[in-house]
$ cat final-v6.txt   # compact mmCIF, C-alpha atoms
# COMPACT_ATOMS: atom_id res chain seq x y z
CA MET S 1 0.00 0.00 0.00
CA GLU S 2 2.91 2.34 0.76
CA ARG S 3 4.12 1.92 -2.84
CA LEU S 4 0.66 2.87 -4.18
CA LYS S 5 0.44 5.85 -1.82
CA ASN S 6 3.80 7.16 -3.05
CA LYS S 7 2.70 6.73 -6.66
CA PHE S 8 -0.75 8.34 -6.41
CA TYR S 9 -0.50 10.92 -3.60
CA GLY S 10 -1.50 14.35 -4.95
CA LYS S 11 -2.18 12.99 -8.46
CA LYS S 12 -5.29 14.04 -10.39
CA ILE S 13 -7.46 10.95 -10.94
CA LEU S 14 -10.57 10.99 -13.12
CA VAL S 15 -13.14 8.26 -12.43
CA VAL S 16 -15.29 7.80 -15.55
CA GLY S 17 -18.62 6.18 -14.65
CA LEU S 18 -19.73 6.25 -11.02
CA GLY S 19 -22.65 3.83 -11.44
CA LEU S 20 -24.74 2.20 -8.73
CA GLN S 21 -23.06 -1.21 -8.33
CA GLY S 22 -20.13 -0.04 -6.19
CA GLY S 23 -17.21 -0.17 -8.66
CA GLY S 24 -16.74 3.55 -9.42
CA LEU S 25 -17.61 4.34 -5.82
CA GLY S 26 -14.89 1.99 -4.53
CA VAL S 27 -12.24 3.43 -6.88
CA ALA S 28 -13.07 7.02 -5.85
CA LYS S 29 -12.88 6.14 -2.13
CA PHE S 30 -9.67 4.10 -2.47
CA PHE S 31 -7.65 6.79 -4.24
CA SER S 32 -9.11 9.59 -2.15
CA HIS S 33 -7.78 7.77 0.95
CA LEU S 34 -4.37 7.55 -0.78
CA GLY S 35 -4.37 11.34 -1.00
CA ALA S 36 -5.17 11.70 -4.71
CA VAL S 37 -7.34 14.53 -6.09
CA ILE S 38 -10.51 12.87 -7.38
CA THR S 39 -12.98 14.00 -10.05
CA VAL S 40 -15.93 11.76 -10.91
CA THR S 41 -17.63 12.18 -14.28
CA ASP S 42 -20.82 10.42 -15.35
CA LYS S 43 -23.48 11.07 -18.01
CA LYS S 44 -26.20 10.18 -15.50
CA ASN S 45 -27.59 13.02 -13.41
CA GLU S 46 -27.44 13.69 -9.67
CA LYS S 47 -30.87 12.17 -8.98
CA GLN S 48 -30.01 8.92 -10.81
CA LEU S 49 -26.71 8.59 -8.91
CA GLU S 50 -27.96 9.89 -5.57
CA GLU S 51 -27.30 6.62 -3.71
CA SER S 52 -23.63 6.48 -4.76
CA ILE S 53 -23.03 10.24 -4.32
CA ASN S 54 -24.34 10.12 -0.73
CA LYS S 55 -21.76 7.45 0.12
CA LEU S 56 -18.98 9.82 -0.99
CA SER S 57 -20.32 12.92 0.77
CA ASP S 58 -17.61 12.89 3.47
CA LEU S 59 -14.76 12.97 0.92
CA PRO S 60 -13.35 15.97 -1.06
CA ILE S 61 -14.53 14.74 -4.47
CA ASN S 62 -15.44 16.89 -7.50
CA PHE S 63 -18.48 15.70 -9.45
CA ARG S 64 -19.04 16.36 -13.15
CA LEU S 65 -22.50 14.91 -13.82
CA ASN S 66 -24.87 14.82 -16.80
CA ARG S 67 -21.88 15.30 -19.13
CA HIS S 68 -18.18 14.70 -19.80
CA ASN S 69 -15.78 17.65 -20.10
CA LEU S 70 -12.82 17.03 -22.40
CA SER S 71 -10.60 19.22 -20.17
CA ASP S 72 -11.11 16.80 -17.24
CA PHE S 73 -9.75 13.95 -19.37
CA LEU S 74 -6.78 15.89 -20.73
CA GLN S 75 -5.74 17.33 -17.35
CA ALA S 76 -5.89 14.00 -15.47
CA ASP S 77 -2.73 12.14 -14.41
CA PHE S 78 -4.64 8.83 -14.43
CA ILE S 79 -8.08 7.83 -15.71
CA PHE S 80 -10.10 4.92 -14.29
CA LYS S 81 -12.68 3.81 -16.84
CA GLY S 82 -15.89 2.06 -15.72
CA PRO S 83 -16.67 -1.35 -17.32
CA SER S 84 -19.56 -0.15 -19.50
CA VAL S 85 -17.76 3.01 -20.69
CA PRO S 86 -16.65 2.28 -24.30
CA TRP S 87 -12.95 2.43 -25.19
CA ASP S 88 -13.86 4.52 -28.25
CA LEU S 89 -15.43 7.32 -26.18
CA PRO S 90 -13.98 10.44 -27.90
CA GLU S 91 -12.68 11.85 -24.59
CA ILE S 92 -10.91 8.53 -23.78
CA ILE S 93 -9.30 8.48 -27.24
CA ALA S 94 -8.14 12.10 -26.82
CA ALA S 95 -6.62 11.32 -23.40
CA GLN S 96 -4.84 8.23 -24.79
CA LYS S 97 -3.35 10.34 -27.60
CA LYS S 98 -2.00 12.72 -24.98
CA GLY S 99 -0.45 9.76 -23.12
CA VAL S 100 -2.73 9.75 -20.06
CA PRO S 101 -2.74 6.18 -18.62
CA ILE S 102 -6.21 4.58 -18.80
CA GLU S 103 -6.83 1.98 -16.11
CA MET S 104 -9.74 -0.29 -15.16
CA GLU S 105 -10.42 -1.35 -11.58
CA LEU S 106 -10.15 -5.13 -11.95
CA SER S 107 -7.08 -5.24 -14.21
CA PHE S 108 -5.40 -2.67 -11.91
CA PHE S 109 -6.29 -4.88 -8.95
CA ALA S 110 -4.98 -8.06 -10.65
CA LYS S 111 -1.74 -6.30 -11.62
CA ASN S 112 -1.11 -5.21 -8.00
CA CYS S 113 -2.54 -8.27 -6.24
CA PRO S 114 -0.06 -10.42 -4.26
CA ALA S 115 -2.62 -13.26 -3.82
CA LYS S 116 -3.48 -16.05 -6.28
CA ILE S 117 -6.53 -15.23 -8.42
CA ILE S 118 -9.30 -17.54 -9.66
CA GLY S 119 -11.19 -15.68 -12.40
CA VAL S 120 -14.64 -16.66 -13.71
CA THR S 121 -16.18 -15.52 -16.99
CA GLY S 122 -18.92 -16.67 -19.37
CA THR S 123 -22.16 -15.33 -20.78
CA ARG S 124 -24.27 -17.04 -18.11
CA GLY S 125 -23.50 -18.50 -14.70
CA LYS S 126 -20.64 -16.18 -13.73
CA SER S 127 -22.08 -15.01 -10.41
CA THR S 128 -23.28 -18.44 -9.30
CA THR S 129 -19.97 -20.10 -10.21
CA THR S 130 -17.88 -17.33 -8.61
CA ASN S 131 -19.84 -17.52 -5.36
CA LEU S 132 -19.80 -21.33 -5.46
CA ILE S 133 -15.98 -21.43 -5.74
CA TYR S 134 -15.71 -18.90 -2.89
CA PHE S 135 -18.11 -21.05 -0.80
CA LEU S 136 -16.06 -24.20 -1.54
CA LEU S 137 -12.73 -22.58 -0.61
CA LYS S 138 -14.13 -20.95 2.53
CA LYS S 139 -15.63 -24.25 3.74
CA SER S 140 -12.34 -26.00 2.90
CA GLY S 141 -10.39 -23.70 5.22
CA TYR S 142 -8.83 -21.31 2.70
CA SER S 143 -8.24 -17.60 3.43
CA VAL S 144 -10.33 -16.36 0.51
CA TYR S 145 -11.95 -13.11 -0.66
CA LEU S 146 -14.69 -12.46 -3.20
CA GLY S 147 -14.54 -9.70 -5.81
CA GLY S 148 -15.09 -8.63 -9.40
CA ASN S 149 -18.31 -7.56 -11.11
CA LEU S 150 -20.53 -8.29 -8.13
CA PRO S 151 -22.92 -5.63 -6.80
CA GLY S 152 -21.89 -3.85 -3.61
CA ILE S 153 -18.28 -5.11 -3.57
CA SER S 154 -15.23 -2.85 -3.90
CA THR S 155 -12.50 -5.15 -5.20
CA ILE S 156 -9.78 -2.50 -5.24
CA ASP S 157 -10.27 -2.03 -1.49
CA LEU S 158 -9.03 -5.61 -0.92
CA LEU S 159 -5.49 -4.39 -1.74
CA LYS S 160 -5.42 -2.93 1.79
CA LYS S 161 -5.61 -6.34 3.48
CA ILE S 162 -4.51 -9.21 1.22
CA ASN S 163 -1.14 -10.97 1.01
CA GLU S 164 0.39 -13.91 -0.90
CA ASP S 165 -1.26 -16.44 1.47
CA HIS S 166 -4.75 -15.42 0.37
CA TRP S 167 -6.90 -16.51 -2.58
CA ILE S 168 -9.19 -14.17 -4.53
CA VAL S 169 -12.21 -15.31 -6.59
CA LEU S 170 -13.20 -12.71 -9.21
CA GLU S 171 -16.26 -12.56 -11.43
CA LEU S 172 -15.00 -11.07 -14.72
CA SER S 173 -17.28 -9.63 -17.40
CA SER S 174 -16.08 -9.22 -20.98
CA TRP S 175 -15.91 -5.46 -20.35
CA ALA S 176 -13.63 -5.91 -17.33
CA LEU S 177 -11.50 -8.40 -19.29
CA SER S 178 -10.85 -5.78 -21.99
CA GLY S 179 -8.62 -4.17 -19.34
CA PHE S 180 -6.77 -7.50 -18.85
CA HIS S 181 -5.93 -7.48 -22.58
CA ARG S 182 -4.32 -4.07 -22.24
CA GLU S 183 -2.22 -5.21 -19.25
CA LYS S 184 -1.56 -8.66 -20.84
CA ILE S 185 -2.51 -10.53 -17.67
CA SER S 186 -4.75 -13.52 -16.89
CA PRO S 187 -5.72 -15.16 -13.57
CA HIS S 188 -3.84 -18.21 -12.21
CA ILE S 189 -7.00 -20.36 -12.56
CA ALA S 190 -9.49 -19.31 -15.27
CA VAL S 191 -13.03 -20.70 -15.41
CA PHE S 192 -15.03 -20.16 -18.63
CA THR S 193 -18.64 -21.23 -18.03
CA ASN S 194 -20.17 -20.87 -21.53
CA PHE S 195 -20.55 -18.50 -24.46
CA TYR S 196 -23.77 -17.22 -26.07
CA PRO S 197 -24.74 -14.11 -28.07
CA ASP S 198 -24.90 -11.11 -25.72
CA HIS S 199 -24.02 -7.40 -25.53
CA LEU S 200 -24.46 -6.92 -29.27
CA ASN S 201 -25.67 -3.41 -28.41
CA TYR S 202 -22.04 -2.81 -27.26
CA TYR S 203 -19.88 -5.07 -29.48
CA LYS S 204 -19.74 -4.94 -33.29
CA ASN S 205 -20.01 -8.74 -33.53
CA LEU S 206 -19.65 -12.02 -31.61
CA ASP S 207 -15.93 -12.33 -32.49
CA ASP S 208 -15.19 -9.04 -30.70
CA TYR S 209 -17.21 -10.19 -27.70
CA PHE S 210 -15.36 -13.54 -27.53
CA TYR S 211 -11.99 -11.85 -27.95
CA ASP S 212 -12.56 -9.79 -24.78
CA LYS S 213 -13.62 -12.96 -22.92
CA ALA S 214 -10.46 -14.73 -24.15
CA ALA S 215 -8.29 -12.42 -22.01
CA ILE S 216 -9.13 -14.74 -19.12
CA PHE S 217 -6.76 -17.39 -20.57
CA LEU S 218 -4.66 -15.73 -23.31
CA TYR S 219 -1.87 -14.51 -21.00
CA GLN S 220 -1.72 -17.55 -18.73
CA LYS S 221 1.61 -19.34 -18.24
CA LYS S 222 2.50 -23.05 -18.15
CA ASP S 223 1.77 -23.42 -14.44
CA ASP S 224 -1.72 -21.83 -14.77
CA TYR S 225 -5.04 -23.62 -15.36
CA LEU S 226 -7.98 -23.12 -17.73
CA ILE S 227 -11.27 -24.86 -16.88
CA ALA S 228 -13.73 -24.46 -19.75
CA ASN S 229 -17.05 -25.77 -21.00
CA GLN S 230 -16.59 -28.59 -23.53
CA ASN S 231 -18.75 -26.54 -25.95
CA LEU S 232 -15.96 -23.95 -26.14
CA LYS S 233 -13.22 -26.32 -27.29
CA SER S 234 -13.24 -25.30 -30.97
CA LEU S 235 -13.26 -21.57 -30.07
CA ILE S 236 -10.41 -21.91 -27.55
CA GLU S 237 -8.27 -24.04 -29.88
CA LYS S 238 -8.04 -21.09 -32.30
CA TYR S 239 -5.65 -19.50 -29.78
CA LYS S 240 -2.24 -20.55 -28.52
CA VAL S 241 -2.95 -21.54 -24.92
CA LEU S 242 0.03 -22.23 -22.65
CA SER S 243 -1.88 -23.24 -19.51
CA LYS S 244 -3.17 -26.70 -18.55
CA ILE S 245 -6.69 -27.06 -20.04
CA SER S 246 -9.49 -29.12 -18.51
CA TYR S 247 -12.96 -29.25 -20.15
CA PHE S 248 -16.19 -30.00 -18.29
CA THR S 249 -19.76 -31.06 -19.12
CA LYS S 250 -22.88 -31.27 -16.95
CA LYS S 251 -22.24 -35.02 -16.57
CA ASP S 252 -19.16 -34.34 -14.41
CA PHE S 253 -21.38 -33.60 -11.41
CA PRO S 254 -23.87 -36.13 -9.95
CA LYS S 255 -27.34 -34.68 -10.63
CA LYS S 256 -28.92 -36.03 -7.44
CA ASP S 257 -26.40 -34.08 -5.36
CA LEU S 258 -27.68 -30.55 -6.11
CA ASN S 259 -30.13 -29.30 -3.49
CA TYR S 260 -30.79 -25.64 -4.26
CA LEU S 261 -29.40 -25.04 -7.75
CA LEU S 262 -32.04 -25.79 -10.36
CA GLY S 263 -31.59 -26.75 -14.02
CA ASP S 264 -28.99 -28.38 -16.26
CA HIS S 265 -27.04 -25.13 -16.54
CA ASN S 266 -26.37 -25.28 -12.79
CA LEU S 267 -25.06 -28.84 -13.22
CA GLU S 268 -22.54 -27.30 -15.63
CA ASN S 269 -21.67 -24.60 -13.08
CA ALA S 270 -21.22 -27.24 -10.35
CA SER S 271 -19.08 -29.37 -12.71
CA SER S 272 -16.74 -26.46 -13.35
CA VAL S 273 -16.34 -25.92 -9.59
CA LEU S 274 -15.56 -29.62 -9.09
CA LYS S 275 -12.74 -29.19 -11.63
CA VAL S 276 -11.40 -26.28 -9.54
CA ALA S 277 -11.51 -28.59 -6.49
CA LYS S 278 -9.41 -31.11 -8.44
CA VAL S 279 -6.80 -28.48 -9.39
CA LEU S 280 -6.54 -27.52 -5.69
CA ASN S 281 -6.27 -31.21 -4.66
CA LEU S 282 -9.43 -31.04 -2.55
CA GLU S 283 -11.12 -34.32 -1.67
CA LYS S 284 -13.85 -35.05 -4.25
CA LYS S 285 -16.54 -36.44 -1.90
CA LYS S 286 -16.17 -33.56 0.54
CA SER S 287 -16.21 -31.02 -2.32
CA ILE S 288 -19.44 -32.51 -3.74
CA LYS S 289 -21.08 -32.23 -0.31
CA ILE S 290 -20.03 -28.55 0.05
CA ILE S 291 -21.27 -27.71 -3.48
CA LYS S 292 -24.53 -29.53 -2.72
CA ASP S 293 -25.08 -27.32 0.37
CA PHE S 294 -24.60 -24.03 -1.53
CA PRO S 295 -27.88 -22.10 -1.04
CA GLY S 296 -27.87 -20.29 -4.41
CA LEU S 297 -28.06 -16.56 -5.18
CA PRO S 298 -30.97 -14.10 -5.28
CA PHE S 299 -32.66 -13.39 -8.64
CA ARG S 300 -31.27 -16.53 -10.33
CA LEU S 301 -34.14 -19.05 -10.49
CA GLN S 302 -34.82 -18.07 -6.88
CA LYS S 303 -37.94 -19.60 -5.34
CA THR S 304 -39.41 -16.61 -3.52
CA GLU S 305 -42.92 -17.55 -2.40
CA GLU S 306 -45.67 -20.15 -2.70
CA LYS S 307 -49.27 -18.92 -2.63
CA ASN S 308 -52.35 -21.11 -3.18
CA GLY S 309 -50.12 -23.85 -4.58
CA ILE S 310 -48.50 -21.45 -7.08
CA VAL S 311 -44.71 -21.22 -6.89
CA PHE S 312 -43.08 -17.84 -7.72
CA ILE S 313 -39.61 -18.00 -9.31
CA ASN S 314 -37.49 -14.84 -9.57
CA ASP S 315 -35.00 -15.05 -12.45
CA SER S 316 -34.50 -11.29 -12.86
CA THR S 317 -30.86 -11.71 -13.94
CA SER S 318 -32.26 -13.28 -17.13
CA THR S 319 -31.31 -10.42 -19.48
CA THR S 320 -30.91 -12.54 -22.65
CA PRO S 321 -33.27 -14.79 -24.63
CA ILE S 322 -31.02 -17.83 -23.98
CA ALA S 323 -31.33 -17.25 -20.21
CA ALA S 324 -35.12 -17.43 -20.49
CA VAL S 325 -34.85 -20.62 -22.58
CA ARG S 326 -32.77 -22.24 -19.81
CA ALA S 327 -35.28 -21.10 -17.20
CA ILE S 328 -38.22 -22.59 -19.14
CA ASN S 329 -36.28 -25.86 -19.56
CA THR S 330 -35.91 -26.06 -15.78
CA PHE S 331 -39.69 -26.11 -15.21
CA LEU S 332 -40.98 -28.20 -18.12
CA ASN S 333 -42.81 -30.49 -15.66
CA LYS S 334 -44.91 -27.52 -14.44
CA LYS S 335 -47.58 -25.26 -15.95
CA ILE S 336 -45.51 -22.16 -16.68
CA ILE S 337 -46.91 -18.62 -16.54
CA LEU S 338 -43.99 -16.62 -17.95
CA ILE S 339 -43.44 -12.90 -17.25
CA LEU S 340 -41.34 -11.67 -20.18
CA GLY S 341 -40.05 -8.42 -21.66
CA GLY S 342 -38.01 -5.28 -21.21
CA ASN S 343 -35.38 -3.52 -23.32
CA SER S 344 -33.49 -5.09 -26.20
CA LYS S 345 -29.81 -6.04 -26.48
CA LYS S 346 -30.29 -6.80 -30.21
CA LEU S 347 -29.79 -10.53 -29.64
CA PRO S 348 -31.17 -13.52 -31.60
CA TYR S 349 -34.49 -14.69 -30.14
CA ASP S 350 -35.65 -17.50 -32.50
CA GLU S 351 -34.91 -20.25 -29.96
CA LEU S 352 -36.91 -18.43 -27.29
CA ILE S 353 -39.89 -17.92 -29.62
CA GLU S 354 -39.94 -21.69 -30.31
CA LYS S 355 -39.58 -22.54 -26.61
CA LEU S 356 -42.65 -20.43 -25.74
CA ASN S 357 -44.84 -23.28 -27.01
CA LYS S 358 -43.97 -24.97 -23.68
CA VAL S 359 -45.56 -22.23 -21.55
CA GLU S 360 -49.26 -21.75 -20.75
CA LYS S 361 -49.40 -17.95 -20.64
CA ILE S 362 -47.02 -15.13 -21.62
CA VAL S 363 -47.39 -11.98 -19.53
CA LEU S 364 -45.54 -9.12 -21.23
CA LEU S 365 -43.73 -6.10 -19.78
CA GLU S 366 -43.23 -3.04 -21.98
CA GLY S 367 -39.86 -2.27 -23.56
CA SER S 368 -37.99 -2.23 -26.88
CA PHE S 369 -37.41 -6.03 -26.82
CA THR S 370 -41.14 -6.58 -26.30
CA LYS S 371 -41.87 -4.32 -29.30
CA GLU S 372 -39.41 -6.38 -31.40
CA ILE S 373 -41.07 -9.71 -30.69
CA LEU S 374 -44.72 -8.65 -30.24
CA PRO S 375 -45.78 -9.00 -33.92
CA ILE S 376 -44.41 -12.59 -33.95
CA LEU S 377 -46.07 -13.45 -30.62
CA GLU S 378 -49.43 -12.05 -31.79
CA LYS S 379 -49.23 -14.27 -34.85
CA LYS S 380 -48.01 -17.42 -33.13
CA TYR S 381 -49.36 -17.32 -29.57
CA THR S 382 -52.41 -15.01 -29.59
CA GLN S 383 -54.32 -17.07 -27.00
CA LYS S 384 -51.40 -17.10 -24.58
CA LEU S 385 -50.67 -13.35 -24.47
CA ILE S 386 -51.52 -11.06 -21.55
CA GLY S 387 -50.40 -7.42 -21.66
CA PRO S 388 -47.99 -5.65 -22.36
CA PHE S 389 -47.96 -3.83 -19.00
CA ALA S 390 -46.20 -0.57 -18.17
CA ASP S 391 -45.64 -1.62 -14.56
CA LEU S 392 -44.52 -4.83 -12.88
CA LYS S 393 -47.25 -4.86 -10.23
CA ASN S 394 -50.09 -5.26 -12.75
CA ALA S 395 -48.14 -7.90 -14.67
CA ILE S 396 -47.61 -9.98 -11.50
CA LYS S 397 -51.30 -9.64 -10.51
CA LYS S 398 -52.44 -10.85 -13.95
CA ALA S 399 -49.91 -13.69 -13.90
CA TYR S 400 -51.18 -14.78 -10.47
CA GLN S 401 -54.80 -14.70 -11.66
CA ALA S 402 -53.83 -16.80 -14.68
CA GLY S 403 -51.92 -19.26 -12.48
CA LEU S 404 -55.00 -19.95 -10.35
CA ASN S 405 -56.56 -21.69 -13.39
CA PHE S 406 -53.85 -24.37 -13.49
CA LYS S 407 -52.85 -27.17 -11.19
CA ASP S 408 -49.10 -27.27 -10.48
CA ALA S 409 -48.50 -23.73 -11.79
CA VAL S 410 -45.25 -21.82 -11.57
CA ILE S 411 -44.99 -18.08 -12.19
CA LEU S 412 -41.62 -17.68 -13.84
CA PHE S 413 -40.18 -14.16 -13.94
CA SER S 414 -37.47 -14.57 -16.58
CA PRO S 415 -37.62 -11.38 -18.68
CA ALA S 416 -35.01 -12.29 -21.39
CA ALA S 417 -34.24 -8.57 -21.68
CA THR S 418 -32.59 -5.73 -19.79
CA SER S 419 -34.40 -3.90 -17.00
CA PHE S 420 -33.78 -0.35 -18.14
CA ALA S 421 -37.28 0.24 -19.47
CA MET S 422 -38.49 0.46 -15.85
CA PHE S 423 -35.62 -0.14 -13.38
CA ASN S 424 -32.04 0.90 -12.56
CA ASN S 425 -30.73 -2.62 -13.19
CA GLU S 426 -31.72 -6.30 -12.96
CA PHE S 427 -31.10 -6.38 -9.18
CA HIS S 428 -33.49 -3.46 -8.61
CA ARG S 429 -36.00 -5.30 -10.84
CA GLY S 430 -35.54 -8.49 -8.79
CA GLU S 431 -36.05 -6.69 -5.48
CA GLU S 432 -39.26 -5.12 -6.77
CA PHE S 433 -40.57 -8.51 -7.93
CA ASN S 434 -39.98 -10.03 -4.48
CA ARG S 435 -41.57 -7.04 -2.74
CA ILE S 436 -44.71 -7.13 -4.91
CA VAL S 437 -45.13 -10.91 -4.63
CA LYS S 438 -44.89 -10.71 -0.81
CA MET S 439 -47.74 -8.17 -0.79
CA LEU S 440 -50.10 -10.24 -2.98

$ encode --input "final-v6.txt" --output "structure tokens"
Amino acid sequence: MERLKNKFYGKKILVVGLGLQGGGLGVAKFFSHLGAVITVTDKKNEKQLEESINKLSDLPINFRLNRHNLSDFLQADFIFKGPSVPWDLPEIIAAQKKGVPIEMELSFFAKNCPAKIIGVTGTRGKSTTTNLIYFLLKKSGYSVYLGGNLPGISTIDLLKKINEDHWIVLELSSWALSGFHREKISPHIAVFTNFYPDHLNYYKNLDDYFYDKAAIFLYQKKDDYLIANQNLKSLIEKYKVLSKISYFTKKDFPKKDLNYLLGDHNLENASSVLKVAKVLNLEKKKSIKIIKDFPGLPFRLQKTEEKNGIVFINDSTSTTPIAAVRAINTFLNKKIILILGGNSKKLPYDELIEKLNKVEKIVLLEGSFTKEILPILEKKYTQKLIGPFADLKNAIKKAYQAGLNFKDAVILFSPAATSFAMFNNEFHRGEEFNRIVKML
């Protein structure tokens, strides 16, 4: 820490993207405590960022909200770019041309981290797998910390307390991994859960999206490990990989031994964690028991309530059509009332449209994705449609009423789209769903 204090004391640091998940907030706090001069810039306004701003009120931080000023970028000694801020932002490009170093929180953390890192990426299952590995290591007696793209966690703050005896488990999005490319670093153990079309409202194509993901293994050395889904073999083999590779399938974990994690995709997640246990020489039987006891995470096929025999499932982190497909597959033995819709990521949805023949009713929420698919749904599933609704409360009420007409009904909230039509993010959306269901 002394080395970092000497390097950053009195330096002008620009934090681009404050956000509400804790990343920008953590960076601003960390460097302010090191004695740096902090400016935070974000295109959101004060009201939208109120929660994060309030948490910084006791620190001498300058805020530039509702806009970016080029002068802030050009006068900075260091810039910390938020994950969703594009690298081709004109102000970022101008600062790079001037020679201002552009950093990202997680690659900066990895570069300065004395502990061994286990990194987890993939289109789906990142959070569950990351938390599952952390749970396994903690229960196995390791000194372990959790970090990465998880809400409410400041990863950079861990630099104050970790040493080479610790282990760190990081969830790594493709955006965060773009910073790993620039530093040419990869974690000691990389876990790649799967790969599906996503973020095509941010990336030009799927190749660009996969390339960012590939940073998780591209810079590994011979004594590092890559644990990847068997489905990714042909994509990974296009690259020169130096680390030891181990592929997994859902069959690597005994199905009967999962208590709380539902669906085949969670068997894949559990299988990847069992491979991590093998790399760490943990006893297999004991590891299976620990994985089996993992309680699961909120908003990921979370059973929230049961009312009049109707089970409510909150899958708010379903922000892609493929996520909704997986959710439907999990409950094929039930009568599914699906709550669907929100804003579009410009992703393929043909598989989801086909899969909707397995549900009894489709309750729609307004949003650009809903507008995209509505003409097809009206043609194909007229009798099943309810809505679209401009608010979640009405949608849940109608879904509940529809569910009362079926024996063995499940109300599945798996929107297949982003939350931004109505909510700050998918976690805010999930909290609202649980709150409304409780009040029914």

$ residues_around --input "final-v6.txt" --residues "stretch 116-128 of chain S" --least-positions-apart "4" --cutoff "7 Å" --atoms "only C-alpha atoms" --output "mmCIF file with C-alpha atoms, keeping the file's coordinate frame"
data_model
loop_
_atom_site.group_PDB
_atom_site.id
_atom_site.type_symbol
_atom_site.label_atom_id
_atom_site.label_comp_id
_atom_site.auth_asym_id
_atom_site.auth_seq_id
_atom_site.Cartn_x
_atom_site.Cartn_y
_atom_site.Cartn_z
ATOM 1 C CA LEU S 132 -19.800 -21.330 -5.460
ATOM 2 C CA GLU S 164 0.390 -13.910 -0.900
ATOM 3 C CA HIS S 166 -4.750 -15.420 0.370
ATOM 4 C CA TRP S 167 -6.900 -16.510 -2.580
ATOM 5 C CA ILE S 168 -9.190 -14.170 -4.530
ATOM 6 C CA VAL S 169 -12.210 -15.310 -6.590
ATOM 7 C CA LEU S 170 -13.200 -12.710 -9.210
ATOM 8 C CA GLU S 171 -16.260 -12.560 -11.430
ATOM 9 C CA LEU S 172 -15.000 -11.070 -14.720
ATOM 10 C CA SER S 173 -17.280 -9.630 -17.400
ATOM 11 C CA PRO S 187 -5.720 -15.160 -13.570
ATOM 12 C CA HIS S 188 -3.840 -18.210 -12.210
ATOM 13 C CA ILE S 189 -7.000 -20.360 -12.560
ATOM 14 C CA ALA S 190 -9.490 -19.310 -15.270
ATOM 15 C CA VAL S 191 -13.030 -20.700 -15.410
ATOM 16 C CA PHE S 192 -15.030 -20.160 -18.630
ATOM 17 C CA THR S 193 -18.640 -21.230 -18.030
ATOM 18 C CA ASN S 194 -20.170 -20.870 -21.530
ATOM 19 C CA PHE S 195 -20.550 -18.500 -24.460
ATOM 20 C CA TYR S 196 -23.770 -17.220 -26.070
ATOM 21 C CA LYS S 213 -13.620 -12.960 -22.920
ATOM 22 C CA ASN S 269 -21.670 -24.600 -13.080
ATOM 23 C CA GLY S 296 -27.870 -20.290 -4.410
ATOM 24 C CA LEU S 297 -28.060 -16.560 -5.180
#

$ residues_near_point --input "final-v6.txt" --point "(-16.8, 14.1, -18.6)" --cutoff "9 Å" --atoms "all atoms listed in the file" --output "ChimeraX atom specification"
/S:14,16,40-43,64-73,91

$ write_last_selection --input "final-v6.txt" --atoms "C-alpha atoms" --output "PDB file, keeping the file's coordinate frame"
ATOM      1  CA  LEU S  14     -10.570  10.990 -13.120  1.00  0.00           C
ATOM      2  CA  VAL S  16     -15.290   7.800 -15.550  1.00  0.00           C
ATOM      3  CA  VAL S  40     -15.930  11.760 -10.910  1.00  0.00           C
ATOM      4  CA  THR S  41     -17.630  12.180 -14.280  1.00  0.00           C
ATOM      5  CA  ASP S  42     -20.820  10.420 -15.350  1.00  0.00           C
ATOM      6  CA  LYS S  43     -23.480  11.070 -18.010  1.00  0.00           C
ATOM      7  CA  ARG S  64     -19.040  16.360 -13.150  1.00  0.00           C
ATOM      8  CA  LEU S  65     -22.500  14.910 -13.820  1.00  0.00           C
ATOM      9  CA  ASN S  66     -24.870  14.820 -16.800  1.00  0.00           C
ATOM     10  CA  ARG S  67     -21.880  15.300 -19.130  1.00  0.00           C
ATOM     11  CA  HIS S  68     -18.180  14.700 -19.800  1.00  0.00           C
ATOM     12  CA  ASN S  69     -15.780  17.650 -20.100  1.00  0.00           C
ATOM     13  CA  LEU S  70     -12.820  17.030 -22.400  1.00  0.00           C
ATOM     14  CA  SER S  71     -10.600  19.220 -20.170  1.00  0.00           C
ATOM     15  CA  ASP S  72     -11.110  16.800 -17.240  1.00  0.00           C
ATOM     16  CA  PHE S  73      -9.750  13.950 -19.370  1.00  0.00           C
ATOM     17  CA  GLU S  91     -12.680  11.850 -24.590  1.00  0.00           C
TER      18      GLU S  91
END

$ residues_around --input "final-v6.txt" --residues "S:Lys244" --least-positions-apart "5" --cutoff "9 Å" --atoms "all atoms listed in the file" --output "JSON list (two decimals) with C-alpha atoms, in the frame of the given file"
[["chain", "number", "residue", "atom", "x", "y", "z"],
["S", 221, "LYS", "CA", 1.61, -19.34, -18.24],
["S", 222, "LYS", "CA", 2.50, -23.05, -18.15],
["S", 223, "ASP", "CA", 1.77, -23.42, -14.44],
["S", 224, "ASP", "CA", -1.72, -21.83, -14.77],
["S", 225, "TYR", "CA", -5.04, -23.62, -15.36],
["S", 226, "LEU", "CA", -7.98, -23.12, -17.73],
["S", 227, "ILE", "CA", -11.27, -24.86, -16.88]]

$ atom_distance --input "final-v6.txt" --atom1 "atom CA of S:Ile337" --atom2 "atom CA of S:Thr317"
17.7 Å

$ closest_residue --input "final-v6.txt" --among "S:Lys111, S:Lys97, S:Lys286, S:Lys160" --to "S:Lys5" --atoms "all atoms listed in the file"
S:Lys160
